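K.L.:
My structure is stored as upload11.txt, with compact mmCIF, C-alpha atoms and all ligand atoms.
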# COMPACT_ATOMS: atom_id res chain seq x y z
CA MET A 708 120.29 134.71 173.89
CA PRO A 709 118.00 132.25 172.06
CA ASP A 710 114.85 131.38 174.02
CA ASN A 711 114.64 127.61 173.60
CA SER A 712 111.99 127.28 176.28
CA GLY A 713 109.60 129.51 174.29
CA GLN A 714 107.37 128.88 171.27
CA HIS A 715 110.30 128.80 168.82
CA GLY A 716 112.15 126.22 170.90
CA ARG A 717 109.08 123.97 171.11
CA ARG A 718 108.49 124.24 167.35
CA MET A 719 112.12 123.37 166.63
CA ALA A 720 111.97 120.39 169.03
CA ARG A 721 108.86 119.05 167.21
CA LYS A 722 110.56 119.55 163.85
CA LYS A 723 113.69 117.74 165.05
CA ALA A 724 111.59 114.79 166.25
CA VAL A 725 109.93 114.51 162.79
CA VAL A 726 113.29 114.75 160.98
CA ASP A 727 114.94 112.25 163.36
CA ALA A 728 112.06 109.78 162.84
CA ALA A 729 112.32 110.13 159.03
CA ILE A 730 116.10 109.53 159.21
CA ALA A 731 115.57 106.47 161.43
CA ARG A 732 112.98 105.06 158.94
CA ALA A 733 115.40 105.37 155.97
CA ASP A 734 117.51 102.33 156.81
CA GLN A 735 117.91 100.71 153.37
CA ASP A 736 120.89 100.72 151.00
CA LYS A 737 120.45 100.20 147.26
CA GLY A 738 121.88 101.21 143.93
CA LEU A 739 119.90 104.28 142.92
CA LEU A 740 118.71 105.47 139.54
CA LEU A 741 118.75 109.27 139.49
CA ILE A 742 117.39 111.40 136.68
CA LEU A 743 118.30 115.06 136.27
CA THR A 744 116.05 116.60 133.67
CA GLY A 745 114.41 119.94 132.76
CA ASN A 746 115.43 122.97 130.71
CA GLY A 747 117.55 124.76 133.31
CA LYS A 748 121.33 124.67 133.69
CA GLY A 749 122.84 122.25 136.19
CA LYS A 750 122.07 118.69 135.09
CA SER A 751 125.47 117.49 133.88
CA SER A 752 127.39 119.55 136.41
CA SER A 753 125.35 117.96 139.22
CA ALA A 754 126.14 114.50 137.83
CA PHE A 755 129.86 115.36 137.78
CA GLY A 756 129.58 116.55 141.37
CA MET A 757 128.45 113.01 142.28
CA VAL A 758 131.42 111.64 140.31
CA ALA A 759 133.73 113.76 142.51
CA ARG A 760 131.97 112.60 145.68
CA THR A 761 132.28 108.97 144.65
CA LEU A 762 135.97 109.32 143.82
CA GLY A 763 136.46 110.90 147.24
CA TYR A 764 135.69 107.48 148.72
CA GLY A 765 138.16 105.76 146.36
CA LEU A 766 135.28 104.12 144.46
CA LYS A 767 135.14 103.54 140.70
CA VAL A 768 133.10 105.48 138.16
CA GLY A 769 132.09 105.04 134.53
CA VAL A 770 130.97 108.03 132.46
CA ALA A 771 129.35 107.85 129.02
CA GLN A 772 128.72 111.17 127.29
CA PHE A 773 126.24 110.58 124.52
CA LEU A 774 126.19 114.01 122.91
CA LYS A 775 129.01 116.39 123.06
CA SER A 776 129.10 119.53 121.04
CA ARG A 777 132.44 120.61 122.55
CA ARG A 778 135.62 118.71 123.30
CA ASP A 779 138.03 119.58 126.09
CA THR A 780 135.47 120.40 128.74
CA GLY A 781 136.76 120.98 132.26
CA GLU A 782 135.03 117.85 133.54
CA GLU A 783 136.76 115.63 131.00
CA LYS A 784 140.15 117.32 131.55
CA PHE A 785 140.02 116.83 135.31
CA LEU A 786 137.74 113.88 136.11
CA GLY A 787 138.66 111.90 132.99
CA ASP A 788 142.28 111.76 134.19
CA GLN A 789 141.53 110.57 137.72
CA PRO A 790 142.39 107.00 138.71
CA GLY A 791 139.26 104.88 138.92
CA VAL A 792 137.43 106.71 136.11
CA GLN A 793 136.45 105.28 132.73
CA TRP A 794 135.43 108.16 130.46
CA HIS A 795 133.71 107.44 127.15
CA VAL A 796 132.74 110.14 124.66
CA LEU A 797 130.19 108.54 122.40
CA GLY A 798 128.69 111.49 120.56
CA ASP A 799 131.26 111.94 117.84
CA GLY A 800 129.53 109.76 115.30
CA PHE A 801 126.24 111.66 115.32
CA THR A 802 125.31 113.50 112.20
CA TRP A 803 122.43 115.67 113.36
CA ASP A 804 122.92 118.15 110.56
CA THR A 805 122.92 115.69 107.69
CA GLN A 806 119.77 113.96 108.99
CA ASN A 807 121.33 110.62 108.23
CA ARG A 808 119.01 108.68 110.48
CA ASP A 809 120.40 105.23 109.75
CA ALA A 810 123.95 106.36 110.59
CA ASP A 811 122.70 108.07 113.76
CA ILE A 812 120.88 104.95 114.88
CA ALA A 813 123.94 102.78 114.24
CA SER A 814 126.13 105.25 116.18
CA ALA A 815 123.64 105.41 119.07
CA GLN A 816 123.56 101.64 119.26
CA ARG A 817 127.36 101.43 119.30
CA GLY A 818 127.24 103.94 122.15
CA TRP A 819 124.65 101.90 124.02
CA ALA A 820 126.85 98.81 123.72
CA VAL A 821 129.53 100.76 125.63
CA ALA A 822 126.92 101.75 128.23
CA GLN A 823 125.88 98.10 128.55
CA GLY A 824 129.51 97.30 129.40
CA LEU A 825 129.35 99.84 132.25
CA LEU A 826 125.94 98.63 133.44
CA THR A 827 127.22 95.05 133.80
CA ASP A 828 130.45 95.98 135.60
CA ALA A 829 129.77 95.53 139.31
CA SER A 830 133.13 97.13 140.18
CA LEU A 831 131.65 100.52 139.13
CA HIS A 832 129.97 102.23 142.09
CA LEU A 833 128.53 104.98 139.87
CA VAL A 834 127.69 105.20 136.17
CA VAL A 835 126.80 108.53 134.53
CA LEU A 836 124.86 108.43 131.26
CA ASP A 837 125.15 112.08 130.28
CA GLU A 838 122.61 113.44 127.73
CA LEU A 839 121.07 110.00 127.23
CA THR A 840 117.51 111.32 127.00
CA TYR A 841 118.02 112.87 123.57
CA LEU A 842 118.77 109.51 121.95
CA LEU A 843 115.56 108.12 123.39
CA ASN A 844 113.52 111.15 122.34
CA TYR A 845 114.85 110.99 118.78
CA GLY A 846 114.02 107.29 118.72
CA TYR A 847 117.67 106.35 118.09
CA LEU A 848 117.64 103.95 121.03
CA ASP A 849 114.86 101.63 122.07
CA ALA A 850 113.55 102.87 125.44
CA GLN A 851 112.45 99.34 126.33
CA GLN A 852 115.98 98.00 125.81
CA VAL A 853 117.43 100.84 127.91
CA TYR A 854 114.84 100.16 130.64
CA VAL A 855 115.68 96.44 130.72
CA ASP A 856 119.45 97.06 130.86
CA LEU A 857 119.05 99.63 133.65
CA ALA A 858 116.78 97.34 135.64
CA ALA A 859 119.23 94.42 135.30
CA ARG A 860 122.33 96.34 136.47
CA PRO A 861 124.25 95.25 139.61
CA PRO A 862 122.00 95.92 142.63
CA MET A 863 124.39 98.31 144.39
CA GLN A 864 125.36 100.31 141.30
CA HIS A 865 124.15 103.92 141.19
CA VAL A 866 123.25 105.43 137.80
CA VAL A 867 122.72 109.09 136.95
CA ILE A 868 120.98 109.99 133.68
CA THR A 869 120.92 113.58 132.47
CA GLY A 870 119.11 115.37 129.66
CA ARG A 871 115.97 117.33 128.91
CA ALA A 872 112.55 115.71 128.59
CA ALA A 873 113.32 112.36 130.23
CA PRO A 874 110.79 109.78 129.00
CA GLN A 875 108.10 108.59 131.41
CA CYS A 876 109.32 104.98 131.49
CA LEU A 877 112.67 106.14 132.91
CA LEU A 878 110.96 108.41 135.43
CA ASP A 879 108.90 105.39 136.53
CA LEU A 880 112.02 103.28 137.05
CA ALA A 881 113.99 106.04 138.81
CA ASP A 882 114.41 106.41 142.57
CA THR A 883 115.22 110.12 142.52
CA VAL A 884 114.14 112.62 139.86
CA SER A 885 114.94 116.33 139.80
CA GLU A 886 113.60 118.71 137.19
CA ILE A 887 115.80 121.77 136.87
CA GLN A 888 113.73 124.73 135.83
CA ASP A 889 115.13 127.43 133.56
CA ILE A 890 114.43 130.81 135.12
CA LYS A 891 117.28 132.82 133.58
CA HIS A 892 120.43 131.97 131.65
CA ALA A 893 123.27 134.37 130.90
CA PHE A 894 123.53 133.06 127.32
CA ARG A 895 120.26 134.80 126.46
CA ALA A 896 121.82 138.09 127.61
CA GLY A 897 124.64 137.54 125.11
CA VAL A 898 127.25 135.96 127.42
CA ARG A 899 129.22 133.18 125.75
CA ALA A 900 129.96 129.87 127.53
CA GLN A 901 132.39 130.49 130.39
CA SER A 902 135.20 128.08 131.32
CA GLY A 903 134.51 126.25 134.57
CA ILE A 904 130.85 127.30 134.58
CA ASP A 905 129.45 126.09 131.27
CA LEU A 906 132.18 123.78 129.99
P1 LIG B 1 125.59 122.00 132.81
O1 LIG B 1 126.52 121.09 132.04
O2 LIG B 1 126.13 123.39 132.87
O3 LIG B 1 125.18 121.44 134.13
P2 LIG B 1 123.10 121.09 131.69
O4 LIG B 1 123.67 119.74 131.62
O5 LIG B 1 122.00 121.33 132.66
O6 LIG B 1 124.26 122.16 131.92
P3 LIG B 1 122.73 121.04 128.81
O7 LIG B 1 121.44 121.16 128.11
O8 LIG B 1 123.45 119.74 128.79
O9 LIG B 1 122.51 121.57 130.30
O10 LIG B 1 123.62 122.20 128.21
C1 LIG B 1 124.98 122.31 128.41
C2 LIG B 1 125.42 123.73 128.08
O11 LIG B 1 124.33 124.55 127.72
C3 LIG B 1 126.07 124.42 129.28
O12 LIG B 1 127.06 125.28 128.76
C4 LIG B 1 124.95 125.21 129.87
O13 LIG B 1 125.36 126.38 130.59
C5 LIG B 1 124.13 125.58 128.66
N1 LIG B 1 122.71 125.65 129.02
C6 LIG B 1 122.03 124.83 129.84
N2 LIG B 1 120.75 125.22 129.97
C7 LIG B 1 120.62 126.33 129.23
C8 LIG B 1 119.55 127.23 128.98
N3 LIG B 1 118.36 127.06 129.53
N4 LIG B 1 119.78 128.29 128.15
C9 LIG B 1 120.99 128.47 127.60
N5 LIG B 1 122.05 127.65 127.78
C10 LIG B 1 121.88 126.60 128.61
MG MG B 2 124.15 118.44 130.16
Take the structure in this file and express it as structure tokens.

P.N.:
Amino acid sequence: MPDNSGQHGRRMARKKAVVDAAIARADQDKGLLLILTGNGKGKSSSAFGMVARTLGYGLKVGVAQFLKSRRDTGEEKFLGDQPGVQWHVLGDGFTWDTQNRDADIASAQRGWAVAQGLLTDASLHLVVLDELTYLLNYGYLDAQQVYVDLAARPPMQHVVITGRAAPQCLLDLADTVSEIQDIKHAFRAGVRAQSGIDL
């Protein structure tokens, strides 16, 4: 039998009072900017988890995937077909290998124009900008422009940005930032990408 009258019970009661007070203080609603960054696995898949949660409430979602090395991922197959989802794959025009910087910049800007459409559509409860950070880090998009467009979005719209090395100006604007640390990844032990886990 648990002894709730003892030291453990008193400690738990104090903890509950602190947690209850923190929950009572958090009484605001707002459209959040979330950034999932870092070298570990789990950034995009976390963003798609929030897409699933949002769709569970019958709310609308826009997804823009800025870099995509593989087509036919599980997330696109399943979530892209759901009612209420707009799914844009914007990475096809990039020519990383040919180092054609002008073409890359033009393609990135065409992609950002699509994102601007999502960020001005108040019917979208959630917008995911998957792998956006790379375009900022390569200098293909103007971080200031991205900042301004994010800041001007509809007040109740949530946005999730994924990608390694998120620039400081986005971290400053964000409400929630998680850095996923790489401790181990099966790929380095020679395991190829697994359906449902990696793609
Ligand atoms: P996921 O889409 O699985 O959540 P992610 O968005 O965090 O991954 P990305 O850098 O976008 O990471 O990489 C996507 C692909 O690369 C996935 O197949 C993922 O398993 C793999 N990957 C992610 N991080 C690492 C890593 N540190 N080492 C090797 N492969 C990785
Ligand atoms: Mg990713």

K.L.:
Please indicate the distance in Å from atom CA of Ala858 of chain A to atom CA of Ala731 of chain A, rounded to one decimal place.

P.N.:
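Taking atom CA of Ala858 of chain A as the start and atom CA of Ala731 of chain A as the end point, the length is 27.4 Å.
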
K.L.:
Between atom CA of Leu741 of chain A and atom CA of Ala900 of chain A, what is the distance, to one decimal in Å?

P.N.:
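Taking atom CA of Leu741 of chain A and atom CA of Ala900 of chain A, their separation equals 26.3 Å.
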
K.L.:
Which residues come within 10 Å of Tyr845 of chain A, counting all atoms listed in the file, excluding same-chain residues fewer than 6 positions away, as a list in words?

P.N.:
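Counting only the stated atoms, we get Arg808, Asp811 and Ile812 of chain A.
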
K.L.:
Return as a short mmCIF file (atom, residue, chain, number, x, y, z; two decimals) with C-alpha atoms, in the coordinates of the input the residues of protein, DNA or RNA that approach ligand MG 2 (chain B) to within 8 Å, with all atoms listed in the file taken into account.

P.N.:
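Output saved as pocket.cif:
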data_model
loop_
_atom_site.label_atom_id
_atom_site.label_comp_id
_atom_site.auth_asym_id
_atom_site.auth_seq_id
_atom_site.Cartn_x
_atom_site.Cartn_y
_atom_site.Cartn_z
CA LYS A 748 121.33 124.67 133.69
CA GLY A 749 122.84 122.25 136.19
CA LYS A 750 122.07 118.69 135.09
CA SER A 751 125.47 117.49 133.88
CA SER A 752 127.39 119.55 136.41
CA ASP A 837 125.15 112.08 130.28
CA GLU A 838 122.61 113.44 127.73
CA THR A 869 120.92 113.58 132.47
CA GLY A 870 119.11 115.37 129.66
#

K.L.:
Could you please give me, as a list in words, the residues of protein, DNA or RNA lying at most 12 Å from (132.4, 101.0, 143.3) in the coordinate frame of the file, considering all atoms listed in the file?

P.N.:
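Taken together, the residues in range are Gly738, Val758, Arg760, Thr761, Leu762, Gly763, Tyr764, Gly765, Leu766, Lys767, Val768, Gly769, Gly791, Val792, Leu825, Asp828, Ala829, Ser830, Leu831, His832, Leu833, Val834, Pro861, Pro862, Met863, Gln864, His865 and Val866 of chain A.
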
K.L.:
Between A:Gly787, A:Gly745, A:Ala893, A:Gly713, which one has atoms that come closest to Pro874 of chain A, using only C-alpha atoms?

P.N.:
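Of A:Gly787, A:Gly745, A:Ala893, A:Gly713, the one nearest Pro874 of chain A is A:Gly745, counting only C-alpha atoms.
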
K.L.:
Can you work out which residues are within 10 Å of ligand LIG 1 (chain B), considering only C-alpha atoms and all ligand atoms, and then hand them over as a VMD selection string?

P.N.:
chain A and resid 743 to 756 774 to 777 780 782 837 to 838 869 to 871 886 to 896 898 to 906

K.L.:
For atom CA of Thr840 of chain A and atom CA of Leu786 of chain A, determine how far apart the two atoms are, in Å to one decimal place.

P.N.:
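Between atom CA of Thr840 of chain A and atom CA of Leu786 of chain A the gap is 22.3 Å.
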
K.L.:
Give the answer as one residue: which of A:Ala733, A:Ala720, A:Leu857, A:Ile868 has the shortest atom-to-atom distance to Gln823 of chain A, using all atoms listed in the file?

P.N.:
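Checking each candidate against Gln823 of chain A, we get A:Leu857 as the closest.
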
K.L.:
So which residues are close to (119.1, 100.8, 132.7), meaning at most 9 Å away in the file's coordinates with only C-alpha atoms counted, and can you show them as a PyMOL selection string?

P.N.:
chain A and resi 740+823+826+852-860+866+877+880

K.L.:
Provide an axis-aligned box for all listed atoms of segment 762-769 of chain A, padding each side by 5 Å; report its centre and its edge lengths in Å to one decimal, as JSON.

P.N.:
{"center_x": 135.1, "center_y": 107.2, "center_z": 141.6, "size_x": 16.1, "size_y": 17.4, "size_z": 24.2}

K.L.:
Env of Trp819 of chain A: 9 Å cut, atoms = all atoms listed in the file, seq-sep filter 5 positions within chain, self excluded. Answer as a list of chain:residue names.

P.N.:
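Residues near the query, excluding close chain neighbours: A:Phe773, A:Leu797, A:Ser814, A:Gly824, A:Leu848, A:Val853.
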